[in-house]
$ cat final13.txt   # compact mmCIF, C-alpha atoms and all ligand atoms
# COMPACT_ATOMS: atom_id res chain seq x y z
CA MET E 1 -21.32 2.07 -15.88
CA SER E 2 -17.95 3.10 -14.52
CA ILE E 3 -17.60 6.74 -13.55
CA LEU E 4 -13.88 6.82 -14.25
CA VAL E 5 -12.07 4.81 -16.89
CA LEU E 6 -8.34 5.03 -17.63
CA GLU E 7 -7.57 3.00 -20.72
CA ALA E 8 -3.95 2.02 -21.40
CA VAL E 9 -2.79 5.44 -20.30
CA THR E 10 0.82 6.47 -20.79
CA ARG E 11 2.16 9.85 -19.69
CA THR E 12 5.63 10.85 -20.75
CA HIS E 13 7.26 13.99 -19.42
CA GLY E 14 10.08 15.74 -21.27
CA SER E 15 11.95 14.35 -24.29
CA GLY E 16 15.26 12.79 -25.25
CA ASP E 17 17.57 11.74 -22.43
CA GLY E 18 15.55 13.54 -19.81
CA GLN E 19 12.39 11.68 -20.76
CA VAL E 20 10.38 10.20 -17.87
CA GLU E 21 7.49 7.79 -18.33
CA ALA E 22 5.44 8.71 -15.29
CA LEU E 23 2.68 6.22 -16.19
CA LYS E 24 3.10 3.19 -18.42
CA HIS E 25 0.10 1.70 -20.16
CA LEU E 26 -2.00 1.92 -17.03
CA SER E 27 -5.65 0.90 -16.93
CA LEU E 28 -8.06 1.52 -14.09
CA THR E 29 -11.83 1.74 -13.75
CA VAL E 30 -13.78 3.05 -10.81
CA ALA E 31 -17.48 2.31 -10.44
CA PRO E 32 -20.12 4.23 -8.49
CA GLY E 33 -19.86 3.35 -4.82
CA GLU E 34 -16.22 2.42 -5.20
CA LEU E 35 -13.31 4.05 -3.41
CA VAL E 36 -9.88 3.17 -4.79
CA ALA E 37 -6.73 3.97 -2.84
CA VAL E 38 -3.45 4.44 -4.69
CA MET E 39 -0.23 3.76 -2.82
CA GLY E 40 3.39 3.73 -3.91
CA PRO E 41 6.77 5.29 -3.24
CA SER E 42 7.28 8.89 -4.21
CA GLY E 43 7.84 9.28 -7.92
CA SER E 44 5.78 6.19 -8.77
CA GLY E 45 3.17 8.23 -10.67
CA LYS E 46 0.37 8.70 -8.12
CA SER E 47 -0.16 12.43 -8.66
CA THR E 48 0.16 12.02 -12.41
CA LEU E 49 -2.63 9.45 -12.30
CA LEU E 50 -4.84 11.80 -10.32
CA HIS E 51 -4.09 14.78 -12.59
CA LEU E 52 -5.09 12.74 -15.64
CA ALA E 53 -8.26 11.48 -13.97
CA GLY E 54 -9.20 15.05 -13.05
CA GLY E 55 -8.54 16.46 -16.52
CA LEU E 56 -5.71 18.66 -15.20
CA ASP E 57 -3.23 16.92 -17.51
CA GLN E 58 -3.53 14.89 -20.73
CA PRO E 59 -2.13 11.42 -21.44
CA THR E 60 0.60 10.97 -24.09
CA SER E 61 -1.39 7.96 -25.26
CA GLY E 62 -4.47 6.12 -24.08
CA ARG E 63 -7.85 7.51 -23.06
CA VAL E 64 -9.46 8.98 -19.96
CA LEU E 65 -13.25 8.82 -19.67
CA VAL E 66 -15.42 10.41 -17.01
CA GLU E 67 -19.07 9.32 -17.04
CA GLY E 68 -18.48 7.96 -20.52
CA THR E 69 -17.10 11.22 -21.92
CA GLU E 70 -13.58 11.11 -23.27
CA LEU E 71 -11.80 14.11 -21.79
CA GLY E 72 -9.41 14.38 -24.75
CA ASN E 73 -12.31 15.14 -27.09
CA LEU E 74 -13.59 18.11 -25.11
CA SER E 75 -12.91 21.77 -25.80
CA ARG E 76 -11.16 23.70 -23.04
CA LYS E 77 -14.41 25.26 -22.02
CA ALA E 78 -16.36 22.01 -21.98
CA LEU E 79 -13.59 20.35 -19.98
CA ALA E 80 -13.55 23.16 -17.41
CA GLN E 81 -17.30 22.87 -17.07
CA LEU E 82 -17.22 19.09 -16.68
CA ARG E 83 -14.51 19.43 -14.05
CA ARG E 84 -16.45 21.99 -12.05
CA ARG E 85 -19.68 20.08 -12.19
CA TRP E 86 -18.70 16.46 -11.81
CA ILE E 87 -15.22 16.28 -10.37
CA GLY E 88 -14.21 17.24 -6.85
CA TYR E 89 -10.49 17.56 -6.33
CA VAL E 90 -8.80 17.73 -2.93
CA PHE E 91 -5.26 19.04 -3.25
CA GLN E 92 -2.51 18.17 -0.85
CA ASP E 93 -1.98 21.82 0.08
CA PHE E 94 -5.73 22.65 0.26
CA ASN E 95 -5.60 25.42 -2.41
CA LEU E 96 -8.11 27.63 -0.64
CA ILE E 97 -8.41 31.24 -1.72
CA PRO E 98 -7.26 33.37 1.27
CA ALA E 99 -9.42 36.38 0.39
CA LEU E 100 -12.63 34.36 0.51
CA THR E 101 -14.47 32.97 3.55
CA ALA E 102 -14.97 29.23 3.93
CA ALA E 103 -18.51 29.42 2.54
CA GLU E 104 -17.34 31.58 -0.40
CA ASN E 105 -14.53 29.16 -1.18
CA VAL E 106 -16.96 26.27 -1.24
CA ALA E 107 -19.60 28.19 -3.23
CA LEU E 108 -17.19 29.47 -5.87
CA PRO E 109 -17.20 26.48 -8.24
CA ARG E 110 -20.99 26.38 -8.11
CA GLU E 111 -21.30 30.08 -8.91
CA LEU E 112 -18.84 29.70 -11.78
CA ASP E 113 -21.15 26.97 -12.95
CA GLY E 114 -24.05 29.41 -13.15
CA VAL E 115 -25.81 28.47 -9.95
CA PRO E 116 -27.46 31.59 -8.45
CA ALA E 117 -25.50 33.08 -5.55
CA ARG E 118 -28.11 32.40 -2.86
CA LYS E 119 -28.51 28.79 -3.90
CA ALA E 120 -24.73 28.35 -4.10
CA ARG E 121 -24.38 29.77 -0.59
CA LYS E 122 -27.03 27.39 0.73
CA GLU E 123 -25.29 24.43 -0.85
CA ALA E 124 -21.98 25.57 0.57
CA VAL E 125 -23.37 25.84 4.09
CA ALA E 126 -24.87 22.36 3.73
CA ALA E 127 -21.51 20.99 2.53
CA LEU E 128 -19.74 22.60 5.49
CA ALA E 129 -22.26 20.96 7.81
CA GLU E 130 -21.65 17.63 6.09
CA VAL E 131 -17.94 17.85 6.91
CA GLY E 132 -18.73 18.84 10.49
CA VAL E 133 -17.72 22.53 10.51
CA PRO E 134 -20.88 24.63 9.93
CA GLU E 135 -19.55 27.23 12.39
CA LEU E 136 -16.60 28.07 10.10
CA ALA E 137 -18.76 29.38 7.24
CA ASP E 138 -17.75 33.01 7.65
CA ARG E 139 -14.14 32.54 8.75
CA PHE E 140 -11.13 33.07 6.50
CA PRO E 141 -8.63 30.26 5.78
CA ASP E 142 -5.77 32.07 7.56
CA ASP E 143 -7.74 31.96 10.82
CA MET E 144 -8.11 28.19 10.72
CA SER E 145 -6.04 25.21 11.73
CA GLY E 146 -4.70 22.84 9.07
CA GLY E 147 -7.38 20.32 9.93
CA GLN E 148 -10.11 22.93 9.55
CA GLN E 149 -8.74 24.13 6.22
CA GLN E 150 -8.63 20.57 4.99
CA ARG E 151 -12.29 20.09 5.89
CA ILE E 152 -13.17 23.22 3.92
CA ALA E 153 -11.20 21.89 0.96
CA ILE E 154 -13.12 18.65 1.22
CA ALA E 155 -16.44 20.44 1.45
CA ARG E 156 -15.48 22.27 -1.74
CA ALA E 157 -14.73 18.93 -3.42
CA LEU E 158 -18.04 17.43 -2.30
CA VAL E 159 -20.38 20.39 -2.91
CA GLY E 160 -23.17 19.98 -5.46
CA GLU E 161 -23.52 16.73 -7.33
CA ARG E 162 -19.89 15.73 -7.74
CA ARG E 163 -19.75 12.16 -8.99
CA LEU E 164 -15.98 11.72 -8.98
CA VAL E 165 -13.94 12.72 -5.96
CA LEU E 166 -10.16 12.77 -6.32
CA ALA E 167 -7.96 13.36 -3.29
CA ASP E 168 -4.17 13.65 -3.18
CA GLU E 169 -2.92 12.92 0.36
CA PRO E 170 -5.95 14.60 1.94
CA THR E 171 -4.98 13.44 5.42
CA GLY E 172 -1.31 14.33 5.21
CA ALA E 173 -1.40 17.28 7.63
CA LEU E 174 -3.97 15.90 10.03
CA ASP E 175 -3.77 14.14 13.40
CA SER E 176 -5.01 10.59 13.52
CA THR E 177 -8.60 11.14 14.67
CA THR E 178 -9.16 14.08 12.30
CA GLY E 179 -7.65 12.03 9.49
CA GLU E 180 -10.08 9.28 10.30
CA ALA E 181 -13.01 11.72 10.25
CA VAL E 182 -11.93 12.91 6.79
CA MET E 183 -11.81 9.33 5.56
CA ALA E 184 -15.27 8.67 6.97
CA LEU E 185 -16.53 11.67 4.94
CA LEU E 186 -15.03 10.43 1.70
CA ARG E 187 -16.34 6.97 2.39
CA ALA E 188 -19.86 8.29 3.06
CA ARG E 189 -19.93 10.27 -0.18
CA VAL E 190 -18.75 7.28 -2.13
CA ASP E 191 -21.29 5.02 -0.41
CA ALA E 192 -23.93 7.52 -1.55
CA GLY E 193 -23.00 6.74 -5.17
CA ALA E 194 -19.90 8.72 -6.11
CA ALA E 195 -16.62 7.21 -7.26
CA GLY E 196 -13.45 8.09 -5.38
CA VAL E 197 -9.71 7.88 -5.92
CA LEU E 198 -7.50 8.56 -2.94
CA VAL E 199 -3.72 8.87 -3.01
CA THR E 200 -2.19 8.17 0.37
CA HIS E 201 0.96 6.97 2.12
CA ASP E 202 -1.06 5.94 5.10
CA ALA E 203 -2.09 2.29 5.11
CA ARG E 204 -4.66 2.99 7.80
CA HIS E 205 -6.44 5.41 5.51
CA ALA E 206 -6.01 3.31 2.38
CA ALA E 207 -7.85 0.59 4.27
CA TRP E 208 -11.10 2.53 3.90
CA ALA E 209 -11.00 1.78 0.18
CA ASN E 210 -12.68 -1.08 -1.61
CA ARG E 211 -9.52 -1.57 -3.58
CA VAL E 212 -5.91 -0.61 -2.93
CA VAL E 213 -3.73 -0.27 -6.01
CA PHE E 214 0.06 -0.33 -5.61
CA LEU E 215 2.12 1.68 -8.11
CA ARG E 216 5.81 1.24 -8.88
CA ASP E 217 7.52 3.15 -11.66
CA GLY E 218 4.26 4.03 -13.37
CA ARG E 219 2.79 0.55 -13.32
CA VAL E 220 0.30 -1.26 -11.12
CA VAL E 221 2.28 -3.99 -9.39
CA ASP E 222 -0.41 -5.39 -7.12
CA GLU E 223 -3.92 -4.86 -5.88
CA SER E 224 -5.76 -5.65 -2.69
CA VAL E 225 -9.49 -6.12 -3.11
CA TYR E 226 -11.86 -5.94 -0.20
CA ARG E 227 -13.37 -9.31 0.76
CA ALA E 228 -16.98 -10.00 1.67
CA PRO E 229 -17.56 -9.53 5.44
CA GLU E 230 -18.40 -13.20 6.00
CA ASP E 231 -14.88 -14.14 4.91
CA VAL E 232 -13.18 -11.72 7.25
CA LEU E 233 -13.13 -13.63 10.49
CA ALA E 234 -12.50 -17.05 8.99
CA PRO E 235 -8.81 -17.88 9.49
CA MET R 1 8.07 -19.96 10.62
CA SER R 2 9.64 -23.34 10.98
CA VAL R 3 13.27 -24.23 11.41
CA ARG R 4 12.71 -26.29 8.29
CA ASN R 5 12.06 -23.23 6.11
CA GLY R 6 15.05 -21.44 7.55
CA LEU R 7 17.49 -24.26 6.94
CA LEU R 8 16.17 -24.90 3.45
CA ALA R 9 16.57 -21.20 2.64
CA LEU R 10 20.23 -21.36 3.66
CA LEU R 11 20.80 -24.53 1.64
CA ALA R 12 19.18 -22.88 -1.38
CA GLU R 13 22.12 -20.46 -1.45
CA ARG R 14 24.76 -23.19 -1.55
CA PRO R 15 25.47 -26.64 -0.12
CA ARG R 16 26.65 -26.61 3.48
CA TYR R 17 27.81 -28.83 6.29
CA GLY R 18 25.27 -29.54 8.97
CA TYR R 19 27.34 -27.84 11.64
CA GLU R 20 27.60 -24.65 9.57
CA LEU R 21 23.87 -24.21 9.40
CA ARG R 22 23.19 -23.36 13.00
CA GLY R 23 25.82 -20.62 13.22
CA GLU R 24 24.83 -19.17 9.88
CA PHE R 25 21.15 -19.10 10.79
CA GLU R 26 21.81 -17.35 14.08
CA ALA R 27 24.24 -14.87 12.57
CA ARG R 28 21.80 -13.94 9.84
CA THR R 29 18.77 -13.51 12.07
CA GLY R 30 20.62 -11.72 14.86
CA THR R 31 19.93 -14.62 17.25
CA THR R 32 16.23 -13.70 17.36
CA TRP R 33 15.68 -17.41 16.99
CA PRO R 34 18.26 -19.53 18.81
CA LEU R 35 18.49 -23.11 17.55
CA ASN R 36 19.91 -26.12 19.27
CA VAL R 37 22.03 -28.66 17.47
CA GLY R 38 19.45 -31.37 18.00
CA GLN R 39 16.79 -29.33 16.19
CA VAL R 40 19.11 -28.79 13.27
CA TYR R 41 19.89 -32.46 12.80
CA THR R 42 16.34 -33.74 13.31
CA THR R 43 15.15 -31.20 10.77
CA LEU R 44 17.87 -32.12 8.29
CA SER R 45 17.01 -35.81 8.49
CA ARG R 46 13.33 -35.01 7.90
CA LEU R 47 14.27 -32.89 4.94
CA GLU R 48 16.32 -35.76 3.59
CA ARG R 49 13.46 -38.19 4.13
CA ASP R 50 11.12 -35.83 2.24
CA GLY R 51 13.50 -35.56 -0.69
CA CYS R 52 14.23 -31.86 -0.14
CA VAL R 53 17.97 -32.33 0.46
CA THR R 54 20.57 -34.99 -0.21
CA ALA R 55 23.30 -35.75 2.29
CA SER R 56 26.72 -37.02 1.39
CA ASP R 57 29.61 -38.08 3.57
CA ALA R 58 32.47 -35.67 3.41
CA GLY R 59 35.44 -37.96 3.86
CA GLU R 60 37.66 -38.00 6.93
CA SER R 61 35.83 -35.53 9.12
CA GLY R 62 32.74 -37.69 8.93
CA GLN R 63 30.64 -34.55 8.65
CA GLN R 64 27.53 -34.72 6.50
CA TYR R 65 27.37 -32.33 3.61
CA TYR R 66 23.89 -31.20 2.52
CA GLU R 67 22.70 -30.15 -0.88
CA ILE R 68 19.21 -28.93 -1.83
CA THR R 69 17.14 -30.79 -4.44
CA ALA R 70 14.72 -29.35 -6.99
CA GLU R 71 11.89 -30.27 -4.66
CA GLY R 72 13.57 -28.45 -1.78
CA ARG R 73 14.06 -25.43 -3.96
CA ALA R 74 10.38 -25.38 -4.86
CA GLU R 75 9.52 -25.46 -1.17
CA VAL R 76 11.79 -22.49 -0.41
CA THR R 77 10.31 -20.49 -3.26
CA ALA R 78 6.82 -21.22 -2.00
CA TRP R 79 7.81 -20.08 1.49
CA PHE R 80 9.33 -16.83 0.28
CA THR R 81 6.33 -15.96 -1.85
CA THR R 82 3.55 -16.91 0.58
CA PRO R 83 2.58 -14.17 3.04
CA VAL R 84 3.12 -15.01 6.69
CA ARG R 85 -0.13 -15.87 8.43
CA ARG R 86 -1.36 -13.11 10.69
CA GLU R 87 -2.15 -15.35 13.64
CA ALA R 88 1.46 -16.40 13.96
CA ARG R 89 3.21 -13.35 15.43
CA PRO R 90 3.98 -12.17 11.94
CA ARG R 91 6.74 -9.65 12.49
CA ASP R 92 9.22 -12.09 13.96
CA GLU R 93 8.85 -14.51 11.14
CA LEU R 94 8.76 -11.68 8.65
CA ALA R 95 11.99 -10.24 9.94
CA ILE R 96 13.65 -13.63 9.67
CA LYS R 97 12.25 -14.26 6.23
CA LEU R 98 13.55 -10.94 4.94
CA ALA R 99 16.93 -11.43 6.61
CA LEU R 100 17.26 -14.69 4.75
CA ALA R 101 15.90 -13.30 1.49
CA VAL R 102 18.62 -10.64 1.47
CA GLY R 103 21.31 -13.30 1.29
CA ASN R 104 19.79 -15.11 -1.64
CA GLN R 105 20.45 -13.67 -5.09
CA ASP R 106 17.54 -15.62 -6.57
CA VAL R 107 14.90 -14.05 -4.34
CA ASP R 108 13.09 -10.96 -5.59
CA ILE R 109 12.90 -9.09 -2.29
CA ALA R 110 10.56 -6.46 -3.68
CA ALA R 111 8.12 -9.23 -4.57
CA VAL R 112 8.41 -10.79 -1.12
CA VAL R 113 7.73 -7.41 0.48
CA GLN R 114 4.86 -6.65 -1.86
CA ALA R 115 3.11 -9.98 -1.28
CA GLN R 116 3.22 -9.28 2.42
CA ARG R 117 2.13 -5.67 2.03
CA THR R 118 -0.90 -6.65 -0.04
CA ASP R 119 -1.83 -9.20 2.57
CA SER R 120 -1.46 -6.65 5.37
CA LEU R 121 -3.56 -4.12 3.48
CA ARG R 122 -6.29 -6.68 2.99
CA ALA R 123 -6.30 -7.34 6.73
CA LEU R 124 -6.47 -3.59 7.35
CA GLN R 125 -9.42 -3.30 4.97
CA ASP R 126 -11.15 -6.08 6.90
CA TYR R 127 -10.59 -4.45 10.29
CA THR R 128 -11.70 -1.08 8.95
CA ARG R 129 -14.90 -2.55 7.58
CA LEU R 130 -15.57 -4.26 10.91
CA LYS R 131 -15.02 -0.92 12.66
CA ALA R 132 -17.53 0.75 10.37
CA GLN R 133 -20.07 -1.92 11.22
CA ALA R 134 -19.55 -1.66 14.98
CA GLY R 135 -21.77 0.78 16.85
CA PRO R 136 -20.45 3.33 19.36
CA GLU R 137 -21.77 1.06 22.15
CA ASP R 138 -19.18 -1.53 21.09
CA LEU R 139 -16.34 0.50 22.56
CA ALA R 140 -14.35 -2.50 23.76
CA TRP R 141 -14.58 -4.18 20.38
CA LEU R 142 -13.64 -0.92 18.67
CA LEU R 143 -10.53 -0.63 20.83
CA VAL R 144 -9.50 -4.17 20.01
CA LEU R 145 -9.99 -3.46 16.31
CA ASP R 146 -7.98 -0.24 16.66
CA ALA R 147 -5.16 -2.20 18.22
CA MET R 148 -5.13 -4.58 15.27
CA VAL R 149 -5.32 -1.69 12.84
CA PHE R 150 -2.32 0.12 14.35
CA GLN R 151 -0.30 -3.05 14.65
CA THR R 152 -0.91 -3.88 11.01
CA GLU R 153 -0.20 -0.31 9.95
CA ALA R 154 3.14 -0.49 11.75
CA GLU R 155 3.88 -3.65 9.84
CA VAL R 156 3.16 -1.93 6.52
CA ARG R 157 5.38 1.00 7.45
CA TRP R 158 8.12 -1.37 8.40
CA LEU R 159 7.72 -3.13 5.03
CA ASP R 160 7.98 0.23 3.23
CA HIS R 161 11.10 0.93 5.22
CA CYS R 162 12.61 -2.47 4.42
CA GLU R 163 11.96 -1.93 0.76
CA SER R 164 13.63 1.46 0.62
CA ARG R 165 16.56 0.14 2.61
CA VAL R 166 16.98 -2.72 0.17
CA VAL R 167 16.76 -0.37 -2.79
CA GLN R 168 19.38 1.95 -1.30
CA GLY R 169 22.02 -0.58 -0.37
CA ARG R 170 21.56 -3.98 -1.86
CA ARG R 171 22.65 -6.99 0.10
CA PRO R 172 24.81 -5.74 2.96
CA VAL R 173 25.15 -9.34 4.19
CA VAL R 174 27.67 -10.22 6.86
CA ARG R 175 29.05 -13.65 6.07
CA PRO R 176 30.47 -15.17 9.22
CA THR R 177 31.34 -18.52 7.60
CA PRO R 178 35.11 -19.07 7.82
CA VAL R 179 36.86 -19.07 4.47
CA GLU R 180 38.29 -22.59 4.87
CA ASP R 181 34.77 -24.01 5.17
CA VAL R 182 33.82 -22.40 1.91
CA GLU R 183 36.94 -23.82 0.27
CA ARG R 184 36.21 -27.28 1.60
CA ALA R 185 32.66 -27.00 0.33
CA ARG R 186 33.87 -26.64 -3.24
N1 LIG Z 1 5.87 18.13 -14.98
C1 LIG Z 1 6.79 17.16 -14.94
N2 LIG Z 1 7.90 17.23 -15.69
C2 LIG Z 1 8.84 16.25 -15.67
N3 LIG Z 1 8.73 15.13 -14.93
C3 LIG Z 1 7.64 15.01 -14.14
C4 LIG Z 1 6.61 16.01 -14.10
N4 LIG Z 1 5.66 15.60 -13.24
C5 LIG Z 1 6.07 14.41 -12.75
N5 LIG Z 1 7.26 14.05 -13.30
C6 LIG Z 1 7.98 12.81 -13.03
O1 LIG Z 1 7.10 11.71 -13.20
C7 LIG Z 1 7.29 10.75 -12.19
C8 LIG Z 1 6.01 10.54 -11.40
O2 LIG Z 1 5.73 11.72 -10.67
P1 LIG Z 1 4.43 11.86 -9.72
O3 LIG Z 1 3.23 11.45 -10.46
O4 LIG Z 1 4.44 13.23 -9.14
O5 LIG Z 1 4.76 10.78 -8.59
P2 LIG Z 1 4.18 10.63 -7.11
O6 LIG Z 1 2.97 11.48 -6.98
O7 LIG Z 1 3.90 9.15 -7.00
O8 LIG Z 1 5.28 11.03 -6.18
C9 LIG Z 1 8.44 11.23 -11.36
O9 LIG Z 1 9.62 10.61 -11.83
C10 LIG Z 1 8.44 12.72 -11.60
O10 LIG Z 1 9.75 13.22 -11.45
MG MG Z 2 2.54 13.09 -5.54

$ encode --input "final13.txt" --output "structure tokens" --more "lines below"
Ligand SMILES: Nc1ncnc2c1ncn2[C@@H]1O[C@H](COP(=O)(O)OP(=O)(O)O)[C@@H](O)[C@H]1O
Ligand SMILES: [Mg+2]
Amino acid sequence: MSILVLEAVTRTHGSGDGQVEALKHLSLTVAPGELVAVMGPSGSGKSTLLHLAGGLDQPTSGRVLVEGTELGNLSRKALAQLRRRWIGYVFQDFNLIPALTAAENVALPRELDGVPARKARKEAVAALAEVGVPELADRFPDDMSGGQQQRIAIARALVGERRLVLADEPTGALDSTTGEAVMALLRARVDAGAAGVLVTHDARHAAWANRVVFLRDGRVVDESVYRAPEDVLAP
Amino acid sequence: MSVRNGLLALLAERPRYGYELRGEFEARTGTTWPLNVGQVYTTLSRLERDGCVTASDAGESGQQYYEITAEGRAEVTAWFTTPVRREARPRDELAIKLALAVGNQDVDIAAVVQAQRTDSLRALQDYTRLKAQAGPEDLAWLLVLDAMVFQTEAEVRWLDHCESRVVQGRRPVVRPTPVEDVERAR
């Protein structure tokens, strides 16, 4: 079963003359083990798509389903819980809480979810190790480089049993080898059975995806699907 | 990229004299691809043989006047919409293809760019997958793959750039053909 389903989703902002259709009748499904990259010029609807998939915004028409549950049918509370438990979201600007250490930032969604503090801390430390920065557990975001903060943000998105990982330009602020390491992390989590959607301008990073979807003016204009390895070297 | 595609693309815009074609081609592609007169005429006679153009005598001057046929038009369309093969030094041909596409009102440049971008992305996905499969002991192979990855990435960025340039200022074509030639062509 697909982890994420967008069904004929339209999102209209504003009304009257100022009305903008950010997404137009867009459909997309993402299966377990599948990483989908979304590319397109700015204003083409990439962030809107991600917001809808993450339950941070609602479609004007159409449906969004995560693990078979239609987000539009959930109460606020149920939606918040589903988001915390199943959806990891990496924001472009990291969104770390400055007053909390790295481990506390990563543990927070788990604690909000009712996981006991000690267990949440253990999971957080494990997630930080997974992204290659166990030594940052007790440091504060302000004392870290952009690349380090981004890894913390990714650890927070991967902690626990997140099945859907959504990332908006997660490699934007990173140098090329760090960006590559971040992509390898996302790829590994997806290979372990999660579904991922990655918004990026960077073709090199989009290439880690199984599928690259090109958006223009709120519509999918083209798609590049990964070929089987045996076809790769044949001219 | 063949001279054939280039000449057909110019004839798809309007009929032209044989002698016009060489200058127009070079002006449009910034002389990245110099042609000699012999090439132009051999290619034109092949195109005529294949039914892609018709030639007519243009009176006193004795100059041949070439017009594209439906078949020729189909061939141009196929060329514009088929991604350039990666093995064939793609950027040169790409640059020429886009330079010619800009002068032709019937070509959807965004579609030409997108077809190429999708193809480039697919190649990038392939290289990336090969990288993931290579072990750290395959350093030489990894470096070769990296080279291909960065080259292809540059191509995609260049395509993005072309697209935004086209969106911003449509068709800033310099037309070096003298006015009297155009008049005579009518
Ligand atoms: N809250 C909003 N109110 C009004 N218009 C919006 C809002 N959010 C996005 N838009 C518009 O919707 C379109 C798509 O925006 P967005 O999804 O942010 O694009 P992208 O992430 O691809 O740059 C743009 O035209 C943008 O101006
Ligand atoms: Mg955006």

$ closest_residue --input "final13.txt" --among "R:Glu26, R:Glu155, R:Asp146, R:Asp126" --to "chain E" --atoms "all atoms listed in the file"
R:Asp126

$ closest_residue --input "final13.txt" --among "E:Ile87, E:Leu158, E:Ala167, E:Val20" --to "ligand MG 2 (chain Z)" --atoms "only C-alpha atoms and all ligand atoms"
E:Ala167

$ interface_residues --input "final13.txt" --of "chain R" --to "chain E" --cutoff "12 Å" --atoms "only C-alpha atoms" --output "PyMOL selection string"
chain R and resi 85-88+110-133+145-161+163-164+167

$ closest_residue --input "final13.txt" --among "R:Val40, R:Ala134, R:Ile68, R:Leu8" --to "R:Ser56" --atoms "only C-alpha atoms"
R:Ile68

$ residues_near_ligand --input "final13.txt" --ligand "ligand MG 2 (chain Z)" --cutoff "7 Å" --atoms "all atoms listed in the file" --output "mmCIF file with C-alpha atoms, in the frame of the given file"
data_model
loop_
_atom_site.group_PDB
_atom_site.id
_atom_site.type_symbol
_atom_site.label_atom_id
_atom_site.label_comp_id
_atom_site.auth_asym_id
_atom_site.auth_seq_id
_atom_site.Cartn_x
_atom_site.Cartn_y
_atom_site.Cartn_z
ATOM 1 C CA SER E 42 7.280 8.890 -4.210
ATOM 2 C CA GLY E 43 7.840 9.280 -7.920
ATOM 3 C CA LYS E 46 0.370 8.700 -8.120
ATOM 4 C CA SER E 47 -0.160 12.430 -8.660
#

$ residues_around --input "final13.txt" --residues "E:Trp86" --least-positions-apart "2" --cutoff "9 Å" --atoms "only C-alpha atoms" --output "short mmCIF file (atom, residue, chain, number, x, y, z; two decimals) with C-alpha atoms, in the coordinates of the input"
data_model
loop_
_atom_site.label_atom_id
_atom_site.label_comp_id
_atom_site.auth_asym_id
_atom_site.auth_seq_id
_atom_site.Cartn_x
_atom_site.Cartn_y
_atom_site.Cartn_z
CA VAL E 66 -15.42 10.41 -17.01
CA GLU E 67 -19.07 9.32 -17.04
CA GLN E 81 -17.30 22.87 -17.07
CA LEU E 82 -17.22 19.09 -16.68
CA ARG E 83 -14.51 19.43 -14.05
CA ARG E 84 -16.45 21.99 -12.05
CA GLY E 88 -14.21 17.24 -6.85
CA GLY E 160 -23.17 19.98 -5.46
CA GLU E 161 -23.52 16.73 -7.33
CA ARG E 162 -19.89 15.73 -7.74
CA ARG E 163 -19.75 12.16 -8.99
CA LEU E 164 -15.98 11.72 -8.98
CA VAL E 165 -13.94 12.72 -5.96
#

$ decode --input "final13.txt" --residues "stretch 21-28 of chain R" --atoms "N, CA, C and O atoms" --output "mmCIF file, in the first residue's frame"
data_model
loop_
_atom_site.group_PDB
_atom_site.id
_atom_site.type_symbol
_atom_site.label_atom_id
_atom_site.label_comp_id
_atom_site.auth_asym_id
_atom_site.auth_seq_id
_atom_site.Cartn_x
_atom_site.Cartn_y
_atom_site.Cartn_z
ATOM 1 N N LEU R 21 21.587 29.965 -46.577
ATOM 2 C CA LEU R 21 21.521 29.038 -45.448
ATOM 3 C C LEU R 21 22.803 29.016 -44.621
ATOM 4 O O LEU R 21 22.757 28.999 -43.394
ATOM 5 N N ARG R 22 23.932 29.055 -45.327
ATOM 6 C CA ARG R 22 25.190 28.947 -44.606
ATOM 7 C C ARG R 22 25.385 30.136 -43.655
ATOM 8 O O ARG R 22 25.681 29.967 -42.472
ATOM 9 N N GLY R 23 25.180 31.339 -44.194
ATOM 10 C CA GLY R 23 25.359 32.543 -43.378
ATOM 11 C C GLY R 23 24.392 32.567 -42.206
ATOM 12 O O GLY R 23 24.766 32.894 -41.074
ATOM 13 N N GLU R 24 23.161 32.190 -42.485
ATOM 14 C CA GLU R 24 22.139 32.208 -41.436
ATOM 15 C C GLU R 24 22.486 31.210 -40.323
ATOM 16 O O GLU R 24 22.414 31.517 -39.142
ATOM 17 N N PHE R 25 22.896 30.038 -40.734
ATOM 18 C CA PHE R 25 23.267 29.005 -39.759
ATOM 19 C C PHE R 25 24.404 29.488 -38.867
ATOM 20 O O PHE R 25 24.348 29.372 -37.640
ATOM 21 N N GLU R 26 25.416 30.068 -39.486
ATOM 22 C CA GLU R 26 26.575 30.506 -38.704
ATOM 23 C C GLU R 26 26.232 31.697 -37.811
ATOM 24 O O GLU R 26 26.691 31.788 -36.675
ATOM 25 N N ALA R 27 25.404 32.591 -38.329
ATOM 26 C CA ALA R 27 25.020 33.746 -37.511
ATOM 27 C C ALA R 27 24.223 33.298 -36.286
ATOM 28 O O ALA R 27 24.419 33.796 -35.176
ATOM 29 N N ARG R 28 23.362 32.342 -36.497
ATOM 30 C CA ARG R 28 22.486 31.910 -35.405
ATOM 31 C C ARG R 28 23.217 31.109 -34.348
ATOM 32 O O ARG R 28 22.849 31.120 -33.174
#
